[in-house]
$ cat work.txt   # compact mmCIF, C-alpha atoms
# COMPACT_ATOMS: atom_id res chain seq x y z
CA MET A 6 -64.68 45.15 -3.20
CA GLN A 7 -61.27 46.02 -4.56
CA LEU A 8 -59.67 44.14 -1.63
CA ARG A 9 -61.66 40.98 -2.46
CA LYS A 10 -60.46 41.09 -6.08
CA SER A 11 -56.87 41.50 -4.94
CA VAL A 12 -57.10 38.55 -2.54
CA LEU A 13 -58.74 36.41 -5.22
CA LEU A 14 -55.99 37.33 -7.70
CA VAL A 15 -53.29 36.31 -5.20
CA PHE A 16 -54.93 32.92 -4.63
CA MET A 17 -55.23 32.34 -8.36
CA ILE A 18 -51.52 33.11 -8.85
CA ILE A 19 -50.54 30.76 -6.01
CA PHE A 20 -52.74 27.99 -7.44
CA PHE A 21 -51.27 28.46 -10.93
CA VAL A 22 -47.69 28.32 -9.67
CA TYR A 23 -48.44 25.21 -7.60
CA PHE A 24 -50.07 23.51 -10.60
CA GLU A 25 -47.09 24.28 -12.88
CA ILE A 26 -44.56 23.02 -10.36
CA HIS A 27 -46.58 19.88 -9.71
CA SER A 28 -46.95 19.15 -13.43
CA CYS A 29 -43.23 19.63 -14.14
CA SER A 30 -42.19 17.42 -11.27
CA GLU A 31 -44.28 14.54 -12.64
CA GLU A 32 -42.83 14.84 -16.17
CA PHE A 33 -39.23 15.36 -15.01
CA PRO A 34 -38.77 13.74 -11.59
CA VAL A 35 -35.85 15.17 -9.64
CA ALA A 36 -33.55 12.66 -7.89
CA PRO A 37 -33.11 13.23 -4.17
CA PRO A 38 -29.78 14.79 -3.24
CA MET A 39 -26.93 12.41 -2.34
CA THR A 40 -25.90 12.36 1.29
CA VAL A 41 -22.58 10.51 0.75
CA GLU A 42 -19.73 12.97 1.07
CA GLN A 43 -16.03 12.40 0.48
CA SER A 44 -14.04 12.79 3.67
CA GLU A 45 -10.32 13.31 4.09
CA ASP A 46 -10.44 10.45 6.58
CA ASN A 47 -11.15 7.98 3.77
CA ILE A 48 -8.29 5.85 2.46
CA TYR A 49 -8.34 5.06 -1.25
CA ARG A 50 -6.81 1.66 -2.03
CA ALA A 51 -4.90 1.03 1.20
CA MET A 52 -1.41 -0.17 0.31
CA ASP A 53 0.76 -0.15 3.42
CA VAL A 54 0.68 0.26 7.19
CA CYS A 55 3.29 1.16 9.79
CA PHE A 56 3.18 1.41 13.60
CA ILE A 57 5.87 2.61 16.02
CA ASP A 58 4.11 1.32 19.16
CA ASP A 59 0.78 -0.12 20.28
CA THR A 60 -1.08 3.13 19.69
CA THR A 61 0.58 5.23 16.97
CA GLY A 62 0.48 4.25 13.32
CA TRP A 63 -0.16 5.28 9.72
CA ILE A 64 -1.83 3.90 6.58
CA VAL A 65 -1.16 5.11 3.03
CA GLY A 66 -3.08 4.71 -0.21
CA SER A 67 -3.62 6.25 -3.61
CA ASP A 68 -4.68 9.80 -4.50
CA GLY A 69 -2.50 11.18 -1.70
CA THR A 70 -4.62 9.63 1.05
CA ILE A 71 -2.99 9.05 4.44
CA ALA A 72 -4.54 8.22 7.80
CA SER A 73 -2.97 8.20 11.25
CA THR A 74 -4.09 6.85 14.61
CA THR A 75 -3.07 7.43 18.21
CA ASP A 76 -5.36 4.83 19.77
CA GLY A 77 -4.20 1.64 18.09
CA GLY A 78 -6.53 1.98 15.13
CA GLU A 79 -9.87 2.50 16.86
CA THR A 80 -10.11 5.92 15.18
CA TRP A 81 -8.19 7.38 12.25
CA THR A 82 -7.46 10.96 11.17
CA GLY A 83 -6.88 11.52 7.48
CA GLN A 84 -4.98 14.01 5.37
CA LEU A 85 -4.12 14.50 1.70
CA VAL A 86 -0.54 14.85 0.44
CA GLU A 87 -0.75 16.02 -3.17
CA LEU A 88 -2.27 13.61 -5.70
CA CYS A 89 0.27 10.84 -5.21
CA ASP A 90 -0.23 7.09 -5.32
CA PHE A 91 1.67 5.96 -2.25
CA ARG A 92 3.00 2.43 -1.91
CA ASP A 93 5.02 2.44 1.32
CA VAL A 94 5.28 4.26 4.64
CA GLN A 95 7.95 4.01 7.32
CA PHE A 96 8.53 5.87 10.58
CA ILE A 97 11.70 5.46 12.63
CA ASP A 98 10.24 7.26 15.65
CA GLU A 99 7.19 9.37 16.55
CA ASN A 100 8.50 12.32 14.53
CA ILE A 101 10.56 11.17 11.53
CA GLY A 102 8.78 9.35 8.73
CA TRP A 103 8.86 8.69 5.01
CA LEU A 104 6.41 8.11 2.17
CA ALA A 105 7.19 6.58 -1.23
CA GLY A 106 5.06 6.07 -4.31
CA LYS A 107 4.61 6.34 -8.04
CA ASP A 108 5.85 9.11 -10.33
CA GLY A 109 8.69 10.27 -8.09
CA ALA A 110 6.58 10.54 -4.94
CA LEU A 111 9.11 10.68 -2.10
CA PHE A 112 8.22 12.68 1.04
CA ASN A 113 9.51 13.01 4.58
CA THR A 114 8.26 14.54 7.82
CA GLY A 115 9.94 15.69 10.99
CA ASP A 116 6.81 16.48 12.99
CA GLY A 117 5.01 13.16 13.14
CA GLY A 118 3.21 13.60 9.83
CA LEU A 119 1.56 16.95 10.56
CA THR A 120 3.39 18.32 7.51
CA TRP A 121 5.12 16.55 4.63
CA GLU A 122 7.88 17.84 2.38
CA ARG A 123 8.60 16.43 -1.07
CA VAL A 124 12.20 15.26 -1.45
CA VAL A 125 13.86 16.68 -4.55
CA SER A 126 17.14 15.07 -5.57
CA GLY A 127 19.06 14.73 -8.79
CA GLY A 128 19.90 11.16 -7.85
CA TYR A 129 16.78 9.64 -9.39
CA PRO A 130 14.45 10.32 -12.36
CA VAL A 131 11.57 12.64 -11.55
CA ASP A 132 9.09 9.99 -12.74
CA GLU A 133 10.67 7.05 -10.91
CA ASP A 134 8.11 4.64 -9.45
CA PHE A 135 9.07 4.02 -5.83
CA SER A 136 7.61 0.98 -4.09
CA LYS A 137 9.57 0.22 -0.90
CA LEU A 138 11.43 2.02 1.88
CA GLN A 139 14.02 0.83 4.38
CA ILE A 140 15.26 3.65 6.59
CA LEU A 141 17.99 2.49 8.99
CA GLY A 142 18.42 5.52 11.23
CA GLN A 143 18.73 9.27 11.08
CA SER A 144 21.13 9.29 8.11
CA LEU A 145 21.18 5.98 6.21
CA GLY A 146 18.25 4.85 4.13
CA PHE A 147 17.20 3.05 0.97
CA VAL A 148 14.25 3.49 -1.36
CA GLN A 149 13.47 1.04 -4.11
CA GLY A 150 12.36 2.27 -7.51
CA PHE A 151 11.80 0.38 -10.72
CA LEU A 152 15.23 1.46 -11.95
CA GLY A 153 17.11 0.37 -8.85
CA VAL A 154 17.79 0.96 -5.18
CA TYR A 155 18.62 4.53 -4.17
CA ARG A 156 20.84 5.13 -1.16
CA THR A 157 21.17 8.16 1.09
CA GLU A 158 23.78 8.87 3.76
CA ASP A 159 22.58 12.34 4.75
CA GLY A 160 19.00 11.76 5.84
CA GLY A 161 17.52 12.01 2.36
CA LEU A 162 19.05 15.20 0.99
CA GLU A 163 20.92 13.32 -1.75
CA TRP A 164 20.38 9.87 -3.23
CA GLU A 165 22.53 7.61 -5.40
CA ASN A 166 21.66 4.51 -7.41
CA HIS A 167 24.31 1.86 -7.99
CA TRP A 168 22.07 -0.72 -9.67
CA LEU A 169 20.86 0.17 -13.16
CA PRO A 170 18.88 -1.97 -15.62
CA PHE A 171 20.22 -2.18 -19.12
CA VAL A 172 16.82 -2.01 -20.84
CA PRO A 173 13.79 0.12 -19.91
CA TYR A 174 11.30 -2.65 -19.23
CA LYS A 175 13.55 -4.61 -16.90
CA GLY A 176 13.79 -3.40 -13.34
CA ALA A 177 13.80 -3.87 -9.56
CA TRP A 178 10.82 -5.50 -7.88
CA SER A 179 11.71 -5.99 -4.21
CA MET A 180 14.51 -5.45 -1.70
CA SER A 181 15.39 -6.70 1.75
CA PHE A 182 18.17 -5.17 3.86
CA ILE A 183 19.31 -7.12 6.89
CA ASP A 184 21.42 -4.31 8.31
CA GLU A 185 23.29 -1.24 7.05
CA HIS A 186 25.71 -3.43 5.08
CA SER A 187 23.95 -6.57 3.85
CA GLY A 188 20.90 -6.81 1.64
CA TYR A 189 19.23 -8.46 -1.32
CA LEU A 190 17.53 -7.12 -4.44
CA LEU A 191 15.01 -8.91 -6.63
CA GLY A 192 14.96 -7.79 -10.25
CA THR A 193 16.51 -8.22 -13.65
CA ARG A 194 18.66 -6.08 -15.92
CA TRP A 195 19.65 -8.50 -18.64
CA MET A 196 18.23 -9.26 -22.10
CA GLU A 197 18.70 -13.00 -21.63
CA SER A 198 16.31 -15.91 -21.92
CA ASP A 199 17.06 -16.91 -18.31
CA PRO A 200 18.37 -13.79 -16.54
CA ILE A 201 19.64 -13.49 -12.97
CA LEU A 202 16.82 -12.32 -10.66
CA LEU A 203 18.59 -11.98 -7.31
CA TYR A 204 21.46 -9.64 -6.37
CA SER A 205 23.26 -9.16 -3.07
CA THR A 206 25.29 -6.41 -1.45
CA VAL A 207 27.68 -6.39 1.53
CA ASP A 208 28.62 -2.71 1.34
CA GLY A 209 25.25 -1.05 1.84
CA GLY A 210 24.14 -1.02 -1.79
CA VAL A 211 27.27 0.56 -3.23
CA THR A 212 27.94 -2.60 -5.26
CA TRP A 213 25.57 -5.41 -6.23
CA LEU A 214 26.62 -8.90 -7.29
CA GLY A 215 24.32 -11.23 -9.18
CA ILE A 216 23.65 -14.63 -7.64
CA THR A 217 24.10 -16.77 -10.74
CA GLU A 218 22.06 -19.70 -9.43
CA ALA A 219 18.99 -17.51 -8.75
CA ARG A 220 17.65 -17.09 -12.28
CA SER A 221 14.16 -16.60 -13.69
CA THR A 222 13.60 -20.34 -14.26
CA VAL A 223 14.36 -20.94 -10.56
CA LEU A 224 12.44 -17.98 -9.09
CA LYS A 225 9.48 -18.32 -11.44
CA GLY A 226 6.41 -16.44 -10.20
CA VAL A 227 8.34 -14.53 -7.51
CA LEU A 228 7.66 -10.81 -6.92
CA THR A 229 8.79 -10.12 -3.36
CA ILE A 230 11.54 -11.22 -0.96
CA ALA A 231 12.29 -11.10 2.76
CA PHE A 232 15.53 -12.13 4.49
CA VAL A 233 16.03 -12.52 8.23
CA ASP A 234 19.81 -12.88 7.99
CA GLU A 235 22.50 -13.28 5.35
CA SER A 236 21.50 -16.88 4.68
CA ILE A 237 17.79 -17.39 5.38
CA GLY A 238 15.12 -15.77 3.27
CA TRP A 239 11.79 -16.23 1.54
CA ALA A 240 10.49 -15.34 -1.91
CA GLY A 241 6.82 -14.99 -2.75
CA GLY A 242 4.33 -14.17 -5.48
CA SER A 243 2.31 -16.98 -6.96
CA VAL A 244 4.45 -19.36 -4.87
CA VAL A 245 6.34 -19.37 -1.58
CA MET A 246 10.02 -20.41 -1.65
CA LYS A 247 12.80 -20.50 0.94
CA THR A 248 16.58 -20.32 0.85
CA VAL A 249 19.04 -21.18 3.62
CA ASP A 250 22.24 -20.42 1.69
CA GLY A 251 21.87 -16.79 0.68
CA GLY A 252 19.77 -17.39 -2.43
CA ARG A 253 21.90 -19.99 -4.21
CA THR A 254 19.33 -22.75 -3.80
CA TRP A 255 15.59 -22.56 -3.20
CA GLU A 256 12.95 -24.92 -1.85
CA THR A 257 9.30 -24.49 -2.84
CA GLN A 258 7.11 -24.44 0.27
CA LEU A 259 3.79 -23.55 -1.38
CA GLU A 260 3.18 -24.24 -5.05
CA SER A 261 0.14 -21.98 -5.25
CA ALA A 262 -0.23 -18.71 -3.33
CA VAL A 263 -0.87 -14.97 -3.61
CA ILE A 264 1.86 -13.11 -1.75
CA ARG A 265 2.21 -9.32 -1.64
CA GLU A 266 4.35 -8.90 1.48
CA PHE A 267 6.16 -10.89 4.15
CA CYS A 268 6.64 -10.02 7.80
CA PHE A 269 9.08 -12.27 9.69
CA PHE A 270 10.00 -11.98 13.36
CA ASN A 271 12.78 -14.58 13.28
CA GLU A 272 13.84 -17.61 11.26
CA LEU A 273 10.82 -19.61 12.46
CA THR A 274 7.82 -17.30 12.80
CA GLY A 275 6.33 -14.98 10.20
CA CYS A 276 3.35 -14.00 8.08
CA ALA A 277 2.64 -13.43 4.41
CA VAL A 278 -0.34 -11.48 3.06
CA GLY A 279 -1.97 -11.24 -0.35
CA GLY A 280 -5.34 -11.75 -1.99
CA GLY A 281 -7.75 -12.89 0.69
CA SER A 282 -5.13 -14.73 2.72
CA ILE A 283 -2.98 -14.12 5.77
CA LEU A 284 -0.55 -17.03 5.94
CA LYS A 285 1.35 -17.79 9.15
CA THR A 286 4.21 -20.14 9.92
CA THR A 287 5.86 -21.05 13.20
CA ASP A 288 8.29 -23.63 11.81
CA GLY A 289 10.25 -21.67 9.23
CA GLY A 290 7.72 -22.24 6.48
CA ALA A 291 7.58 -26.04 6.64
CA THR A 292 3.86 -25.48 7.18
CA TRP A 293 1.74 -22.42 6.43
CA THR A 294 -1.74 -21.83 7.89
CA ASP A 295 -4.25 -19.30 6.58
CA ILE A 296 -5.35 -17.29 9.61
CA ALA A 297 -7.43 -14.71 7.71
CA PRO A 298 -11.02 -14.42 8.93
CA ASP A 299 -13.72 -15.76 6.63
CA ASP A 300 -15.13 -12.37 5.65
CA ASP A 301 -16.42 -11.15 2.29
CA ARG A 302 -15.05 -7.67 2.98
CA ILE A 303 -11.50 -8.95 2.40
CA VAL A 304 -10.60 -8.91 -1.31
CA ASP A 305 -6.96 -7.99 -1.95
CA LEU A 306 -4.63 -7.58 1.03
CA ARG A 307 -1.51 -5.50 0.31
CA GLY A 308 0.47 -4.65 3.45
CA CYS A 309 1.15 -5.86 6.98
CA TYR A 310 3.00 -4.66 10.06
CA PHE A 311 3.56 -6.61 13.27
CA LEU A 312 5.03 -5.13 16.42
CA SER A 313 5.28 -8.60 17.94
CA GLU A 314 4.13 -12.13 17.27
CA SER A 315 0.81 -11.16 18.88
CA LYS A 316 0.08 -7.58 17.80
CA GLY A 317 -0.28 -6.74 14.13
CA TRP A 318 -2.18 -4.90 11.42
CA VAL A 319 -3.05 -5.84 7.83
CA VAL A 320 -4.49 -3.52 5.17
CA GLY A 321 -5.76 -3.88 1.64
CA LEU A 322 -8.60 -3.50 -0.80
CA GLY A 323 -12.15 -4.45 0.01
CA THR A 324 -15.45 -4.59 -1.82
CA GLU A 325 -17.19 -2.16 -4.14
CA LYS A 326 -20.71 -0.95 -3.44
CA THR A 327 -23.15 1.54 -4.92
CA VAL A 328 -25.13 4.11 -2.96
CA GLY A 329 -27.66 5.72 -5.25
CA THR A 330 -25.65 6.78 -8.27
CA ARG A 331 -22.34 6.73 -6.39
CA LEU A 332 -19.64 4.05 -6.57
CA LEU A 333 -17.73 3.45 -3.34
CA LEU A 334 -14.54 1.40 -3.05
CA ASN A 335 -13.77 0.10 0.42
CA SER A 336 -10.37 -0.44 2.00
CA VAL A 337 -10.09 -2.87 4.90
CA ILE A 338 -8.05 -2.58 8.09
CA LEU A 339 -7.52 -5.70 10.20
CA VAL A 340 -5.95 -5.77 13.65
CA THR A 341 -5.08 -8.73 15.88
CA GLU A 342 -3.83 -8.88 19.45
CA ASP A 343 -3.51 -12.66 19.71
CA GLY A 344 -1.31 -13.60 16.77
CA GLY A 345 -4.17 -13.93 14.31
CA ALA A 346 -6.48 -16.16 16.35
CA SER A 347 -9.03 -13.34 16.12
CA TRP A 348 -9.30 -10.15 14.09
CA THR A 349 -11.14 -6.85 14.26
CA ILE A 350 -12.07 -5.48 10.83
CA THR A 351 -12.96 -1.91 9.91
CA GLU A 352 -13.66 -0.36 6.50
CA SER A 353 -12.88 2.98 4.88
CA SER A 354 -15.07 3.95 1.91
CA TYR A 355 -13.81 6.16 -0.92
CA ASP A 356 -16.09 7.74 -3.53
CA CYS A 357 -14.85 6.61 -6.96
CA THR A 358 -17.78 7.90 -9.02
CA GLU A 359 -15.82 10.70 -10.66
CA LYS A 360 -12.98 8.33 -11.56
CA LEU A 361 -15.44 5.94 -13.16
CA LEU A 362 -17.06 8.74 -15.18
CA LEU A 363 -13.62 9.83 -16.38
CA GLY A 364 -12.92 6.31 -17.59
CA GLU A 365 -10.12 5.57 -15.13
CA ASN A 366 -9.26 1.92 -14.55
CA LEU A 367 -9.99 1.19 -10.91
CA ASP A 368 -8.15 -2.13 -11.15
CA SER A 369 -4.90 -0.72 -12.54
CA TYR A 370 -2.77 -1.07 -9.40
$ encode --input "work.txt" --output "structure tokens"
Amino acid sequence: MQLRKSVLLVFMIIFFVYFEIHSCSEEFPVAPPMTVEQSEDNIYRAMDVCFIDDTTGWIVGSDGTIASTTDGGETWTGQLVELCDFRDVQFIDENIGWLAGKDGALFNTGDGGLTWERVVSGGYPVDEDFSKLQILGQSLGFVQGFLGVYRTEDGGLEWENHWLPFVPYKGAWSMSFIDEHSGYLLGTRWMESDPILLYSTVDGGVTWLGITEARSTVLKGVLTIAFVDESIGWAGGSVVMKTVDGGRTWETQLESAVIREFCFFNELTGCAVGGGSILKTTDGGATWTDIAPDDDRIVDLRGCYFLSESKGWVVGLGTEKTVGTRLLLNSVILVTEDGGASWTITESSYDCTEKLLLGENLDSY
């Protein structure tokens, strides 16, 4: 008899607990757990790409995200290098590479990117915003910051800047070195109504001379430059322009464009990327053809790298999407093996929910 009462009491307790749980779950429904997880293989806001051969390459983005591949981009392995917003990556061989980005982010590696070491030098402000690298061997290299072009002769141990703006909100925007001696710099350092925008050097950036004909009224809408020799070069931004006399005169080739970066193979053939376009020319820019695939995943292309006229990669920002309560921002990676006649597109999703909750501007770059 006592056993029956005990069994009955146990069943009553179980029933009561079940009823309470069931009632609470109806009044306060619990959302199912999210299955989207942030992975180190995800690139946040892909900005630049670099390959040293058909198989080995790197992509950099914001929040310290880097990805590398050893199979031509079929698979990528990611890593995080501090919380830096990277803008450029360059490798001179399979071991030695460089990263540059905002807020003094300058890193190098000697083991193929397995480990990265921050470069600390008194030659530039600690909060300098770096945007472009041109490393010309084991010792000589240049990194562009807003306040000028910094030069190293000892493999990056020490840097010196010989181009300084006169006012804080003027600065350097783009650079293009042809060899260890000759190069061009786009930027302004004058408080004038029509300042000089293009400077040249013939001594490896030790001295810079303004090209007086290349002023803001001439290079209106220009944000980036690329020279193939001391005479022939292109300028891009909201337009595409060309010079054949070292920047003294310019011809407008496209009156409306979105150009982030050029990649020229010679004086005739090259590409320009930006927005949703990949523009290609085979006649020195007399005609430009958009060879980007018609794909909604492409939103804002930022960087390109071509090993040859046939093989190349393009990276940039893609679409946003929501998964449950999560906000994901995609980066896109495009690869071609036939000069842009066809493209393979892959995406890398980055969870931006926390950034959105913190009120960060996801369109600030």
$ closest_atom_pairs --input "work.txt" --of "stretch 250-284 of chain A" --to "stretch 44-58 of chain A" --cutoff "12 Å" --atoms "all atoms listed in the file" --output "JSON lines"
{"residue": "A:Arg265", "atom": "CA", "partner": "A:Met52", "partner_atom": "CA", "distance": 10.0}
{"residue": "A:Glu266", "atom": "CA", "partner": "A:Asp53", "partner_atom": "CA", "distance": 9.7}
{"residue": "A:Cys268", "atom": "CA", "partner": "A:Cys55", "partner_atom": "CA", "distance": 11.8}
{"residue": "A:Val278", "atom": "CA", "partner": "A:Asp53", "partner_atom": "CA", "distance": 11.4}
{"residue": "A:Gly279", "atom": "CA", "partner": "A:Met52", "partner_atom": "CA", "distance": 11.1}
$ residues_around --input "work.txt" --residues "A:Val320" --least-positions-apart "2" --cutoff "12 Å" --atoms "all atoms listed in the file" --output "ChimeraX atom specification"
/A:48-55,63-66,78,92-93,265-266,278-283,297,302-311,317-318,322-323,335-341,349-353
$ closest_residue --input "work.txt" --among "A:Gly115, A:Gly83, A:Gly142, A:Pro298" --to "A:Gly345" --atoms "only C-alpha atoms"
A:Pro298
$ residues_around --input "work.txt" --residues "A:Phe147" --least-positions-apart "2" --cutoff "9 Å" --atoms "only C-alpha atoms" --output "list in words"
Lys137, Leu138, Gln139, Ile140, Leu141, Leu145, Gln149, Val154, Tyr155, Arg156, Thr157, Trp164, Phe182 and Gly210 of chain A
$ atom_distance --input "work.txt" --atom1 "atom CA of A:Leu333" --atom2 "atom CA of A:Lys360"
10.7 Å
$ closest_residue --input "work.txt" --among "A:Val211, A:Leu152, A:Ala110, A:Leu191" --to "A:Ala240" --atoms "only C-alpha atoms"
A:Leu191
$ closest_residue --input "work.txt" --among "A:Ser126, A:Thr330, A:Thr60, A:Thr286" --to "A:Gln258" --atoms "only C-alpha atoms"
A:Thr286
$ axis_aligned_box --input "work.txt" --around "stretch 165-175 of chain A" --padding-each-side "5 Å" --output "AutoDock Vina command-line options"
--center_x 17.8 --center_y 1.5 --center_z -13.1 --size_x 23.0 --size_y 22.2 --size_z 25.4
$ residues_around --input "work.txt" --residues "A:Lys175" --least-positions-apart "3" --cutoff "7 Å" --atoms "all atoms listed in the file" --output "MDAnalysis selection string"
chainID A and resid 170 172 193:194
$ closest_residue --input "work.txt" --among "A:Leu169, A:Ile101, A:Leu214, A:Ile237" --to "A:Gln143" --atoms "only C-alpha atoms"
A:Ile101
$ closest_residue --input "work.txt" --among "A:Arg331, A:Lys247, A:Lys285, A:Leu228" --to "A:Ile264" --atoms "all atoms listed in the file"
A:Leu228
$ closest_residue --input "work.txt" --among "A:Ser205, A:Ser198, A:Asn113, A:Ser179" --to "A:Gly160" --atoms "all atoms listed in the file"
A:Asn113
$ residues_around --input "work.txt" --residues "A:Glu256" --least-positions-apart "3" --cutoff "10 Å" --atoms "only C-alpha atoms" --output "list of chain:residue names"
A:Val223, A:Trp239, A:Ala240, A:Val245, A:Met246, A:Lys247, A:Thr248, A:Val249, A:Leu259
$ write_last_selection --input "work.txt" --atoms "C-alpha atoms" --output "compact mmCIF listing (two decimals), keeping the file's coordinate frame"
# COMPACT_ATOMS: atom_id res chain seq x y z
CA VAL A 223 14.36 -20.94 -10.56
CA TRP A 239 11.79 -16.23 1.54
CA ALA A 240 10.49 -15.34 -1.91
CA VAL A 245 6.34 -19.37 -1.58
CA MET A 246 10.02 -20.41 -1.65
CA LYS A 247 12.80 -20.50 0.94
CA THR A 248 16.58 -20.32 0.85
CA VAL A 249 19.04 -21.18 3.62
CA LEU A 259 3.79 -23.55 -1.38
$ atom_distance --input "work.txt" --atom1 "atom CA of A:Ala291" --atom2 "atom CA of A:Gly344"
18.3 Å
$ atom_distance --input "work.txt" --atom1 "atom CA of A:Glu163" --atom2 "atom CA of A:Ala105"
15.3 Å
$ build_atoms --input "work.txt" --residues "stretch 189-202 of chain A" --atoms "N, CA and C atoms" --output "PDB file, in the frame of the given file"
ATOM      1  N   TYR A 189      19.532  -7.738  -0.090  1.00  0.00           N
ATOM      2  CA  TYR A 189      19.230  -8.460  -1.320  1.00  0.00           C
ATOM      3  C   TYR A 189      18.275  -7.638  -2.173  1.00  0.00           C
ATOM      4  N   LEU A 190      18.375  -7.823  -3.476  1.00  0.00           N
ATOM      5  CA  LEU A 190      17.530  -7.120  -4.440  1.00  0.00           C
ATOM      6  C   LEU A 190      16.973  -8.111  -5.444  1.00  0.00           C
ATOM      7  N   LEU A 191      15.669  -8.073  -5.631  1.00  0.00           N
ATOM      8  CA  LEU A 191      15.010  -8.910  -6.630  1.00  0.00           C
ATOM      9  C   LEU A 191      14.713  -8.069  -7.858  1.00  0.00           C
ATOM     10  N   GLY A 192      15.181  -8.528  -9.012  1.00  0.00           N
ATOM     11  CA  GLY A 192      14.960  -7.790 -10.250  1.00  0.00           C
ATOM     12  C   GLY A 192      15.858  -8.317 -11.336  1.00  0.00           C
ATOM     13  N   THR A 193      15.701  -7.780 -12.539  1.00  0.00           N
ATOM     14  CA  THR A 193      16.510  -8.220 -13.650  1.00  0.00           C
ATOM     15  C   THR A 193      16.936  -7.039 -14.499  1.00  0.00           C
ATOM     16  N   ARG A 194      18.163  -7.128 -15.059  1.00  0.00           N
ATOM     17  CA  ARG A 194      18.660  -6.080 -15.920  1.00  0.00           C
ATOM     18  C   ARG A 194      19.317  -6.643 -17.176  1.00  0.00           C
ATOM     19  N   TRP A 195      19.004  -7.863 -17.497  1.00  0.00           N
ATOM     20  CA  TRP A 195      19.650  -8.500 -18.640  1.00  0.00           C
ATOM     21  C   TRP A 195      18.631  -8.911 -19.692  1.00  0.00           C
ATOM     22  N   MET A 196      19.042  -8.790 -20.971  1.00  0.00           N
ATOM     23  CA  MET A 196      18.230  -9.260 -22.100  1.00  0.00           C
ATOM     24  C   MET A 196      18.609 -10.706 -22.414  1.00  0.00           C
ATOM     25  N   GLU A 197      18.393 -11.590 -21.455  1.00  0.00           N
ATOM     26  CA  GLU A 197      18.700 -13.000 -21.630  1.00  0.00           C
ATOM     27  C   GLU A 197      17.431 -13.818 -21.514  1.00  0.00           C
ATOM     28  N   SER A 198      17.475 -15.041 -22.014  1.00  0.00           N
ATOM     29  CA  SER A 198      16.310 -15.910 -21.920  1.00  0.00           C
ATOM     30  C   SER A 198      16.093 -16.398 -20.487  1.00  0.00           C
ATOM     31  N   ASP A 199      17.163 -16.476 -19.704  1.00  0.00           N
ATOM     32  CA  ASP A 199      17.060 -16.910 -18.310  1.00  0.00           C
ATOM     33  C   ASP A 199      17.940 -16.011 -17.450  1.00  0.00           C
ATOM     34  N   PRO A 200      17.510 -14.763 -17.227  1.00  0.00           N
ATOM     35  CA  PRO A 200      18.370 -13.790 -16.540  1.00  0.00           C
ATOM     36  C   PRO A 200      18.460 -14.035 -15.037  1.00  0.00           C
ATOM     37  N   ILE A 201      19.502 -13.491 -14.429  1.00  0.00           N
ATOM     38  CA  ILE A 201      19.640 -13.490 -12.970  1.00  0.00           C
ATOM     39  C   ILE A 201      18.543 -12.603 -12.374  1.00  0.00           C
ATOM     40  N   LEU A 202      17.892 -13.088 -11.306  1.00  0.00           N
ATOM     41  CA  LEU A 202      16.820 -12.320 -10.660  1.00  0.00           C
ATOM     42  C   LEU A 202      17.185 -11.843  -9.259  1.00  0.00           C
TER      43      LEU A 202
END
